[in-house]
Amino acid sequence: MICPSCGTEVAEGTTFCTSCGSKIASVSQPVAQSYTAADNSYQSYQQPNYNSNPSAYPAPVPQTPYMPAPILEDTTPITPWGYIGYMILFSIPLVGLIMLFVYGFGSNTNVNLKNFSRAYLILILIGIIIWVVMIILTAALGISVANQLSSSPSYY
């Protein structure tokens, strides 16, 4: 008898192939009965003989081993003392601003540190915008008070 999977010669009456381990159908196939509702009669049919026709087997599905997805970025959390240390570092006038850009837009930084640096930069930007608006309002108020004083009559 020949194994339908690998084509190795196996002894007659064996159930599994000694080479590849696949199940070998016996030579004498059982005859199955099927019921057809059209004429209410049983019809006998012969199951396909896989020993004589190895192509009757369905194609095997290739199995790929499980490979976990690689972690692309460092996601370790920052401790509370780490946040305090980074806030002190970012408070240093020129060095802090440079480090904000390095940590916020660098490629090999922790994701949490990157997000913290970007949030700190956004807060600095909001502070600068508020500061500029306050300067403009103060200058406008000063100009209007100066105009008011110059146009009012003097009583001295």
# chains A, B, ... in the order shown; residues from 1 in each chain; ligands from 1
>>> residues_around(residues="range 13-17 of chain A", least_positions_apart="2", cutoff="12 Å", atoms="only C-alpha atoms", output="ChimeraX atom specification")
/A:1-11,19-28
>>> residues_around(residues="range 110-127 of chain A", least_positions_apart="2", cutoff="10 Å", atoms="only C-alpha atoms", output="CSV table (one decimal) with N, CA and C atoms, in the first residue's frame")
chain,number,residue,atom,x,y,z
A,73,GLU,N,8.1,50.9,20.3
A,73,GLU,CA,8.5,52.1,21.2
A,73,GLU,C,8.5,51.6,22.6
A,74,ASP,N,9.3,52.4,23.4
A,74,ASP,CA,9.4,52.1,24.9
A,74,ASP,C,8.1,52.7,25.5
A,75,THR,N,7.4,51.9,26.2
A,75,THR,CA,6.2,52.3,26.9
A,75,THR,C,6.2,52.2,28.4
A,76,THR,N,7.4,52.2,29.0
A,76,THR,CA,7.4,52.0,30.4
A,76,THR,C,6.9,53.3,31.0
A,77,PRO,N,6.1,53.2,32.1
A,77,PRO,CA,5.6,54.4,32.7
A,77,PRO,C,6.6,55.2,33.4
A,78,ILE,N,6.4,56.5,33.5
A,78,ILE,CA,7.3,57.4,34.2
A,78,ILE,C,6.7,57.5,35.7
A,82,GLY,N,9.9,60.9,38.6
A,82,GLY,CA,10.4,61.2,37.3
A,82,GLY,C,9.8,62.4,36.7
A,83,TYR,N,8.5,62.6,36.9
A,83,TYR,CA,7.8,63.8,36.4
A,83,TYR,C,8.3,65.0,37.1
A,86,TYR,N,11.7,65.8,35.6
A,86,TYR,CA,11.6,66.4,34.2
A,86,TYR,C,11.1,67.8,34.3
A,87,MET,N,10.2,68.1,35.2
A,87,MET,CA,9.7,69.5,35.3
A,87,MET,C,10.8,70.4,35.8
A,90,PHE,N,13.0,70.9,32.7
A,90,PHE,CA,12.4,71.8,31.7
A,90,PHE,C,12.3,73.2,32.2
A,97,LEU,N,14.4,74.2,27.4
A,97,LEU,CA,13.8,74.3,26.1
A,97,LEU,C,14.4,73.4,25.0
A,99,MET,N,15.9,70.5,25.7
A,99,MET,CA,15.5,69.2,26.1
A,99,MET,C,14.1,68.9,25.8
A,100,LEU,N,13.2,69.9,25.9
A,100,LEU,CA,11.8,69.7,25.5
A,100,LEU,C,11.7,69.3,24.0
A,101,PHE,N,12.4,69.9,23.2
A,101,PHE,CA,12.4,69.6,21.8
A,101,PHE,C,13.0,68.2,21.5
A,102,VAL,N,14.1,67.9,22.2
A,102,VAL,CA,14.8,66.6,22.0
A,102,VAL,C,13.9,65.5,22.5
A,103,TYR,N,13.2,65.6,23.7
A,103,TYR,CA,12.4,64.6,24.2
A,103,TYR,C,11.0,64.5,23.4
A,104,GLY,N,10.5,65.7,23.0
A,104,GLY,CA,9.2,65.8,22.3
A,104,GLY,C,9.2,65.3,20.9
A,105,PHE,N,10.4,65.5,20.2
A,105,PHE,CA,10.4,65.1,18.8
A,105,PHE,C,11.5,64.1,18.4
A,106,GLY,N,12.2,63.6,19.4
A,106,GLY,CA,13.3,62.6,19.2
A,106,GLY,C,12.7,61.3,18.8
A,107,SER,N,13.5,60.4,18.2
A,107,SER,CA,13.0,59.1,17.8
A,107,SER,C,13.2,58.0,18.8
A,108,ASN,N,14.1,58.1,19.7
A,108,ASN,CA,14.4,57.0,20.6
A,108,ASN,C,14.0,57.4,22.0
A,129,ILE,N,1.3,83.1,24.4
A,129,ILE,CA,0.2,83.8,23.7
A,129,ILE,C,-0.6,84.7,24.7
A,130,ILE,N,-0.8,84.1,25.9
A,130,ILE,CA,-1.5,85.0,26.9
A,130,ILE,C,-0.6,86.2,27.3
A,131,TRP,N,0.7,86.0,27.4
A,131,TRP,CA,1.6,87.1,27.8
A,131,TRP,C,1.6,88.1,26.7
A,132,VAL,N,1.6,87.8,25.4
A,132,VAL,CA,1.6,88.7,24.3
A,132,VAL,C,0.2,89.5,24.3
A,133,VAL,N,-0.9,88.8,24.5
A,133,VAL,CA,-2.2,89.5,24.6
A,133,VAL,C,-2.2,90.5,25.7
>>> atom_distance(atom1="CA of Met134 in chain A", atom2="CA of Ile84 in chain A")
29.3 Å
>>> select_by_dssp(residues="range 39-151 of chain A", states="strand (DSSP E or B)", output="number ranges by chain")
A: 41-46
>>> atom_distance(atom1="CA of Thr109 in chain A", atom2="CA of Gly85 in chain A")
16.0 Å
>>> decode(residues="range 84-106 of chain A", atoms="C-alpha atoms", output="PDB file, in the first residue's frame")
ATOM      1  CA  ILE A  84       9.088  66.066  39.111  1.00  0.00           C
ATOM      2  CA  GLY A  85      12.651  65.651  37.822  1.00  0.00           C
ATOM      3  CA  TYR A  86      11.640  66.380  34.241  1.00  0.00           C
ATOM      4  CA  MET A  87       9.683  69.483  35.338  1.00  0.00           C
ATOM      5  CA  ILE A  88      12.790  70.769  37.130  1.00  0.00           C
ATOM      6  CA  LEU A  89      14.896  70.002  34.040  1.00  0.00           C
ATOM      7  CA  PHE A  90      12.423  71.758  31.736  1.00  0.00           C
ATOM      8  CA  SER A  91      12.422  74.827  34.022  1.00  0.00           C
ATOM      9  CA  ILE A  92      16.092  75.573  33.294  1.00  0.00           C
ATOM     10  CA  PRO A  93      15.913  78.489  30.805  1.00  0.00           C
ATOM     11  CA  LEU A  94      17.797  77.426  27.663  1.00  0.00           C
ATOM     12  CA  VAL A  95      18.695  73.818  28.456  1.00  0.00           C
ATOM     13  CA  GLY A  96      15.090  73.011  29.380  1.00  0.00           C
ATOM     14  CA  LEU A  97      13.760  74.321  26.073  1.00  0.00           C
ATOM     15  CA  ILE A  98      16.323  72.300  24.108  1.00  0.00           C
ATOM     16  CA  MET A  99      15.524  69.169  26.120  1.00  0.00           C
ATOM     17  CA  LEU A 100      11.792  69.708  25.503  1.00  0.00           C
ATOM     18  CA  PHE A 101      12.393  69.583  21.758  1.00  0.00           C
ATOM     19  CA  VAL A 102      14.788  66.621  22.042  1.00  0.00           C
ATOM     20  CA  TYR A 103      12.356  64.563  24.152  1.00  0.00           C
ATOM     21  CA  GLY A 104       9.225  65.770  22.337  1.00  0.00           C
ATOM     22  CA  PHE A 105      10.377  65.100  18.790  1.00  0.00           C
ATOM     23  CA  GLY A 106      13.253  62.603  19.193  1.00  0.00           C
TER      24      GLY A 106
END
